[in-house]
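The structure appears below as structure tokens.
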Amino acid sequence: MNFVAKLLRKNTSPARIIGFTLSNFIGLAIILGGLQFYLDIRSIWEDDDSFIKTDYLVVNKKITSENTFAGASSSFSEEEIADIERQPWVASVGRFSSADYHVSASLNQGGRGMSTSMFFEAIPGEYVDVPASQWGYREGSDEVPIIISKDYLTLYNFGFASAAGLPQMSEGLMSGIPLTLRLNSEDGLRSMQLHGRVAGYSNRLNTILVPQEFLDLTNRELGTGAKRQPARLIIRTSSPGDVAIADYMESHNLEIAGDKSSSSASFLLKVIVGIILAIGLTITLLSFFILMLSISLLIEKNRDKLHSLLMLGYDLKAVAAPYNVIVAAACATALVLSVAGLLAMRAYYLPALAGLGAETASVLPALLTGMLLTAVIIILNIAAIRKKTKAAWRL
């Protein structure tokens, strides 16, 4: 085997092999670096509402003095909803349902308490990213999970609690205190009393959200039966941050609730990372062709030697082995260098991301991506080598 390797590697061009290794290293380093940077930085723009995904938009009509005096409706008609559903950036549209009855809630803590009027809204369950064990309602249960806006807790802590001499509460403490909910029909003849449990807080939903099945049930039992068109919609987009979304909202006098900059920044980040990955993949593909061309030229130069070795009884595997070793060694070297470059780059930018409050991700996805690409390049080159050596046998 050593004799065969020395014989077949005699015309090897180190410059071509080094050129492949460097180009493959550059391509892999760009791919792994871009992917890892995206995974590390995306938490800065991702909203911390774990139950409302970042590709969801809450939309309502703008309320202006002109619309108010003109008597224009703030609800969405079926035609308007259908028009939104036809937009290319829309994956699906959900409707907000509102309670058709009066809601009041009371909270007792340390012998003191407060009560207030409330309202309930609901959206279809597929738009709420909460485990079924924490969300949902079974008929007959006296406990209702609730998602409230963080603004409401802020108003309590720095408004009502300060004025009434009540202690301020953290999110965890508030979630552990049961709320007493009293639901009354509009005519006051029917009522229900239940316990509320705060299941989460939202920065993006300025509402009090309950499970859809609970709202449907209580509307049937306590509501007037009047059909209402939704005043707000939740839209799952196929491309969050797309400029076409802002153009549509502006032209149709609609507005998006919550912080719009995070979805735009997330979309822009994805575009930039996509461009970087495309550049890295292009360089990697070019390096693959460089190596394949180098090996092909080397085999062509040794074509007579290959044929002679095969005629002497050496099998295709033994004859191709020296070239396979060159391919594997060059690819492995490029992978090791790219991983080292990734770790060095990450060590450079991590302190800055930590200062911005980013939650860094694992490097495992990037490492697995590099290993997968390297394995694909090796396999394709080995297949090409086998094909070339078979051609030498037929000489």
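Labeling convention for the structure tokens: chains A, B, ... as they appear, residues from 1 per chain, ligands from 1 in order of appearance.
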
Set the distance at 10 Å and use only C-alpha atoms: which residues neighbour Gly188 of chain A once local chain neighbours fewer than 2 positions away are removed? I'd like the list as a PyMOL selection string. chain A and resi 101-102+183-186+190-191+222

Now that the selection is made, can you save its residues with N, CA and C atoms as an mmCIF file, in the first residue's frame?
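Result file result06.cif:
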data_model
loop_
_atom_site.group_PDB
_atom_site.id
_atom_site.type_symbol
_atom_site.label_atom_id
_atom_site.label_comp_id
_atom_site.auth_asym_id
_atom_site.auth_seq_id
_atom_site.Cartn_x
_atom_site.Cartn_y
_atom_site.Cartn_z
ATOM 1 N N TYR A 101 -70.363 39.988 27.944
ATOM 2 C CA TYR A 101 -70.916 40.091 29.305
ATOM 3 C C TYR A 101 -69.968 40.935 30.139
ATOM 4 N N HIS A 102 -70.360 41.241 31.350
ATOM 5 C CA HIS A 102 -69.551 42.068 32.241
ATOM 6 C C HIS A 102 -68.629 41.184 33.069
ATOM 7 N N LEU A 183 -68.618 36.909 36.624
ATOM 8 C CA LEU A 183 -69.135 37.194 35.294
ATOM 9 C C LEU A 183 -70.640 37.410 35.386
ATOM 10 N N ASN A 184 -71.107 38.501 34.836
ATOM 11 C CA ASN A 184 -72.532 38.835 34.901
ATOM 12 C C ASN A 184 -73.068 39.131 33.512
ATOM 13 N N SER A 185 -74.241 38.631 33.244
ATOM 14 C CA SER A 185 -74.893 38.937 31.974
ATOM 15 C C SER A 185 -75.293 40.406 31.947
ATOM 16 N N GLU A 186 -75.580 40.892 30.752
ATOM 17 C CA GLU A 186 -75.905 42.311 30.609
ATOM 18 C C GLU A 186 -77.171 42.692 31.371
ATOM 19 N N ARG A 190 -78.084 36.528 35.132
ATOM 20 C CA ARG A 190 -77.231 35.337 35.128
ATOM 21 C C ARG A 190 -75.816 35.721 35.535
ATOM 22 N N SER A 191 -75.172 34.832 36.274
ATOM 23 C CA SER A 191 -73.821 35.133 36.740
ATOM 24 C C SER A 191 -73.037 33.848 36.974
ATOM 25 N N LEU A 222 -73.937 33.499 29.054
ATOM 26 C CA LEU A 222 -74.159 34.819 29.637
ATOM 27 C C LEU A 222 -74.347 35.919 28.594
#

So which residues touch Ile123 of chain A within 7 Å, counting only C-alpha atoms, skipping near sequence neighbours fewer than 6 positions away, as a list in words? Gly94, Arg95, Phe96, Ser97 and Gln212 of chain A

Deliver the residues from the most recent selection as a file, using C-alpha atoms, as a PDB file, in the first residue's frame.
ATOM      1  CA  GLY A  94     -57.082  34.485  13.398  1.00  0.00           C
ATOM      2  CA  ARG A  95     -59.876  36.541  14.913  1.00  0.00           C
ATOM      3  CA  PHE A  96     -60.077  38.079  18.354  1.00  0.00           C
ATOM      4  CA  SER A  97     -63.307  37.189  20.135  1.00  0.00           C
ATOM      5  CA  GLN A 212     -61.174  30.301  23.210  1.00  0.00           C
TER       6      GLN A 212
END

My list of candidates is A:Leu233, A:Ile275, A:Leu286, A:Val363. Which is closest to Ile377 of chain A when distances are computed with only C-alpha atoms?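 Going through A:Leu233, A:Ile275, A:Leu286, A:Val363 one by one, the smallest distance to Ile377 of chain A is for A:Leu286.
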
Atom-to-atom span, atom CA of Ser92 of chain A and atom CA of Pro211 of chain A, Å: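 Computed distance, atom CA of Ser92 of chain A to atom CA of Pro211 of chain A, equals 19.1 Å.
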
Please determine, counting only C-alpha atoms, which residue among A:Val58, A:Ile84, A:Met114, A:Leu285 has the shortest atom-to-atom distance to Arg232 of chain A.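 Checking each of A:Val58, A:Ile84, A:Met114, A:Leu285 against Arg232 of chain A, counting only C-alpha atoms, the winner is A:Val58.
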
As a PyMOL selection string, please: the residues near Thr237 of chain A (cut-off 7 Å, only C-alpha atoms, same-chain neighbours under 2 positions excluded). chain A and resi 55-56+89-91+235+239-240

Find the distance between atom CA of Asp242 of chain A and atom CA of Pro365 of chain A and write it in Å to one decimal.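 Separation of atom CA of Asp242 of chain A and atom CA of Pro365 of chain A: 26.8 Å.
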
Proximity to Arg42 of chain A - best of A:Thr360, A:Thr21, A:Gln193, A:Thr333, only C-alpha atoms: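 That would be A:Thr360, the residue with the smallest distance to Arg42 of chain A.
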
Excluding Leu367 of chain A and its own-chain neighbours fewer than 2 positions away, which residues fall within 12 Å of it when counting only C-alpha atoms? Please give them as a count of residues only. 25

Excluding Tyr349 of chain A and any residue of its chain fewer than 2 positions from it, enumerate the residues within 12 Å of it, using only C-alpha atoms, and give them as a list of chain:residue names.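 Final neighbour list, sorted by chain and number: A:Gly33, A:Gln36, A:Phe37, A:Asp40, A:Ile41, A:Leu342, A:Leu343, A:Ala344, A:Met345, A:Arg346, A:Ala347, A:Pro351, A:Ala352, A:Leu353, A:Ala354, A:Gly355, A:Leu356, A:Ala358, A:Thr360.
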
Can you spit out the residues from that selection as a short mmCIF file (atom, residue, chain, number, x, y, z; two decimals), in the first residue's frame, using all heavy atoms?
data_model
loop_
_atom_site.label_atom_id
_atom_site.label_comp_id
_atom_site.auth_asym_id
_atom_site.auth_seq_id
_atom_site.Cartn_x
_atom_site.Cartn_y
_atom_site.Cartn_z
N GLY A 33 -19.59 30.79 10.85
CA GLY A 33 -19.60 32.06 11.58
C GLY A 33 -20.92 32.79 11.44
O GLY A 33 -21.47 33.31 12.43
N GLN A 36 -23.66 30.81 13.42
CA GLN A 36 -23.51 30.93 14.87
C GLN A 36 -23.83 32.34 15.34
O GLN A 36 -24.46 32.52 16.39
CB GLN A 36 -22.08 30.55 15.28
CG GLN A 36 -21.87 30.49 16.79
CD GLN A 36 -22.76 29.45 17.44
OE1 GLN A 36 -22.84 28.32 16.96
NE2 GLN A 36 -23.42 29.81 18.52
N PHE A 37 -23.43 33.34 14.58
CA PHE A 37 -23.73 34.73 14.96
C PHE A 37 -25.23 34.96 14.98
O PHE A 37 -25.76 35.62 15.88
CB PHE A 37 -23.05 35.69 14.00
CG PHE A 37 -23.24 37.14 14.36
CD1 PHE A 37 -22.55 37.70 15.43
CD2 PHE A 37 -24.10 37.94 13.64
CE1 PHE A 37 -22.73 39.02 15.78
CE2 PHE A 37 -24.29 39.27 13.97
CZ PHE A 37 -23.59 39.81 15.05
N ASP A 40 -26.67 33.34 18.06
CA ASP A 40 -26.30 34.05 19.29
C ASP A 40 -27.03 35.38 19.44
O ASP A 40 -27.36 35.78 20.56
CB ASP A 40 -24.78 34.30 19.33
CG ASP A 40 -23.99 33.04 19.64
OD1 ASP A 40 -24.55 32.15 20.30
OD2 ASP A 40 -22.82 32.95 19.22
N ILE A 41 -27.28 36.06 18.33
CA ILE A 41 -27.80 37.43 18.42
C ILE A 41 -29.31 37.51 18.31
O ILE A 41 -29.92 38.53 18.67
CB ILE A 41 -27.15 38.31 17.34
CG1 ILE A 41 -27.22 39.79 17.74
CG2 ILE A 41 -27.80 38.07 15.99
CD1 ILE A 41 -26.47 40.71 16.81
N LEU A 342 -14.18 29.91 13.99
CA LEU A 342 -15.48 30.18 14.60
C LEU A 342 -15.34 30.49 16.08
O LEU A 342 -15.91 31.47 16.58
CB LEU A 342 -16.39 28.97 14.39
CG LEU A 342 -17.67 28.93 15.23
CD1 LEU A 342 -18.59 30.08 14.86
CD2 LEU A 342 -18.38 27.59 15.09
N LEU A 343 -14.59 29.67 16.79
CA LEU A 343 -14.42 29.87 18.24
C LEU A 343 -13.69 31.18 18.53
O LEU A 343 -14.03 31.89 19.49
CB LEU A 343 -13.67 28.69 18.84
CG LEU A 343 -14.37 27.33 18.74
CD1 LEU A 343 -13.50 26.22 19.32
CD2 LEU A 343 -15.73 27.37 19.45
N ALA A 344 -12.70 31.53 17.69
CA ALA A 344 -11.97 32.79 17.89
C ALA A 344 -12.90 33.98 17.65
O ALA A 344 -12.89 34.95 18.42
CB ALA A 344 -10.77 32.85 16.95
N MET A 345 -13.70 33.92 16.58
CA MET A 345 -14.63 35.01 16.29
C MET A 345 -15.67 35.14 17.40
O MET A 345 -16.02 36.25 17.82
CB MET A 345 -15.33 34.75 14.95
CG MET A 345 -16.31 35.84 14.54
SD MET A 345 -17.34 35.38 13.11
CE MET A 345 -18.43 34.18 13.87
N ARG A 346 -16.15 34.00 17.88
CA ARG A 346 -17.18 34.02 18.93
C ARG A 346 -16.62 34.60 20.23
O ARG A 346 -17.32 35.35 20.94
CB ARG A 346 -17.70 32.60 19.15
CG ARG A 346 -19.01 32.52 19.90
CD ARG A 346 -19.62 31.15 19.75
NE ARG A 346 -20.92 31.08 20.38
CZ ARG A 346 -21.14 30.56 21.59
NH1 ARG A 346 -20.12 30.05 22.28
NH2 ARG A 346 -22.35 30.54 22.11
N ALA A 347 -15.39 34.26 20.55
CA ALA A 347 -14.77 34.82 21.76
C ALA A 347 -14.62 36.33 21.65
O ALA A 347 -14.65 37.05 22.66
CB ALA A 347 -13.41 34.17 21.98
N PRO A 351 -18.51 39.10 24.45
CA PRO A 351 -18.63 40.14 25.49
C PRO A 351 -19.56 41.28 25.08
O PRO A 351 -20.32 41.79 25.90
CB PRO A 351 -17.18 40.62 25.66
CG PRO A 351 -16.34 39.46 25.24
CD PRO A 351 -17.09 38.82 24.12
N ALA A 352 -19.51 41.67 23.81
CA ALA A 352 -20.39 42.74 23.34
C ALA A 352 -21.85 42.29 23.38
O ALA A 352 -22.74 43.06 23.79
CB ALA A 352 -20.00 43.16 21.93
N LEU A 353 -22.14 41.06 22.97
CA LEU A 353 -23.51 40.56 23.01
C LEU A 353 -24.01 40.43 24.44
O LEU A 353 -25.18 40.68 24.73
CB LEU A 353 -23.61 39.21 22.29
CG LEU A 353 -23.38 39.21 20.77
CD1 LEU A 353 -23.67 37.83 20.20
CD2 LEU A 353 -24.24 40.25 20.09
N ALA A 354 -23.13 40.00 25.34
CA ALA A 354 -23.53 39.90 26.74
C ALA A 354 -23.93 41.26 27.29
O ALA A 354 -24.86 41.37 28.10
CB ALA A 354 -22.38 39.30 27.56
N GLY A 355 -23.22 42.31 26.87
CA GLY A 355 -23.57 43.65 27.32
C GLY A 355 -24.92 44.10 26.80
O GLY A 355 -25.58 44.95 27.42
N LEU A 356 -25.36 43.54 25.66
CA LEU A 356 -26.66 43.88 25.10
C LEU A 356 -27.78 42.99 25.65
O LEU A 356 -28.94 43.16 25.27
CB LEU A 356 -26.62 43.74 23.57
CG LEU A 356 -25.69 44.71 22.84
CD1 LEU A 356 -25.63 44.37 21.36
CD2 LEU A 356 -26.17 46.15 23.02
N ALA A 358 -27.97 39.60 25.32
CA ALA A 358 -28.29 38.46 24.46
C ALA A 358 -28.09 37.16 25.21
O ALA A 358 -27.18 37.03 26.04
CB ALA A 358 -27.43 38.49 23.21
N THR A 360 -26.84 33.70 24.57
CA THR A 360 -26.08 33.00 23.54
C THR A 360 -26.55 31.57 23.38
O THR A 360 -27.05 30.95 24.32
CB THR A 360 -24.58 33.03 23.86
OG1 THR A 360 -24.36 32.47 25.16
CG2 THR A 360 -24.06 34.46 23.84
#

Every residue of segment 120-296 of chain A that DSSP places in alpha helix (DSSP H), as a ChimeraX atom specification: /A:150-155,161-164,171-176,212-222,243-251,261-296

Work out how far atom CA of Arg228 of chain A is from atom CA of Gly125 of chain A, in Å to one decimal. 19.5 Å

Name the residues in contact with Val144 of chain A at a cut-off of 10 Å, using only C-alpha atoms, excluding same-chain residues fewer than 2 positions from it; report them as a compact mmCIF listing (two decimals) with N, CA and C atoms, in the first residue's frame.
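Result written to selection27.txt:
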# COMPACT_ATOMS: atom_id res chain seq x y z
N GLN A 134 -51.11 23.90 30.55
CA GLN A 134 -51.17 25.23 31.14
C GLN A 134 -52.23 26.12 30.50
N TRP A 135 -52.77 25.69 29.39
CA TRP A 135 -53.74 26.51 28.67
C TRP A 135 -54.91 25.64 28.26
N GLY A 136 -56.06 26.23 28.16
CA GLY A 136 -57.26 25.47 27.81
C GLY A 136 -58.24 25.47 28.98
N TYR A 137 -59.45 25.04 28.68
CA TYR A 137 -60.50 25.05 29.70
C TYR A 137 -61.46 23.90 29.44
N ARG A 138 -61.79 23.19 30.53
CA ARG A 138 -62.78 22.12 30.46
C ARG A 138 -64.06 22.60 31.13
N SER A 141 -64.96 23.26 35.11
CA SER A 141 -63.82 23.67 35.93
C SER A 141 -64.05 25.08 36.45
N ASP A 142 -63.56 25.35 37.68
CA ASP A 142 -63.73 26.69 38.23
C ASP A 142 -62.44 27.51 38.16
N ILE A 146 -55.22 32.78 32.46
CA ILE A 146 -55.31 34.12 31.89
C ILE A 146 -53.92 34.58 31.48
N LEU A 179 -57.13 34.88 41.51
CA LEU A 179 -58.08 35.97 41.28
C LEU A 179 -59.50 35.44 41.37
N LEU A 181 -63.04 35.81 39.94
CA LEU A 181 -63.69 36.38 38.77
C LEU A 181 -65.21 36.25 38.91
N LEU A 194 -65.74 32.29 39.29
CA LEU A 194 -64.65 31.35 39.06
C LEU A 194 -63.36 31.92 39.64
N HIS A 195 -62.32 31.12 39.57
CA HIS A 195 -60.99 31.55 39.99
C HIS A 195 -60.11 31.71 38.76
N GLY A 196 -59.37 32.79 38.71
CA GLY A 196 -58.45 33.03 37.60
C GLY A 196 -57.01 32.74 38.01
N ARG A 197 -56.26 32.19 37.07
CA ARG A 197 -54.83 31.92 37.30
C ARG A 197 -54.03 32.57 36.18
N VAL A 198 -53.10 33.46 36.58
CA VAL A 198 -52.29 34.14 35.57
C VAL A 198 -51.27 33.16 35.01
N ALA A 199 -51.42 32.83 33.72
CA ALA A 199 -50.54 31.85 33.08
C ALA A 199 -49.36 32.49 32.38
N VAL A 210 -58.09 34.84 27.46
CA VAL A 210 -58.56 33.59 28.06
C VAL A 210 -58.69 32.56 26.95
N PRO A 211 -58.76 31.26 27.29
CA PRO A 211 -58.90 30.24 26.25
C PRO A 211 -60.17 30.43 25.41
N PHE A 214 -63.29 28.63 26.62
CA PHE A 214 -63.94 29.24 27.78
C PHE A 214 -64.79 30.42 27.35

Polymer residues at most 10 Å from Ala278 of chain A, only C-alpha atoms, same-chain spacing of 6 or more positions, as a PyMOL selection string: chain A and resi 27+30-31+272+284
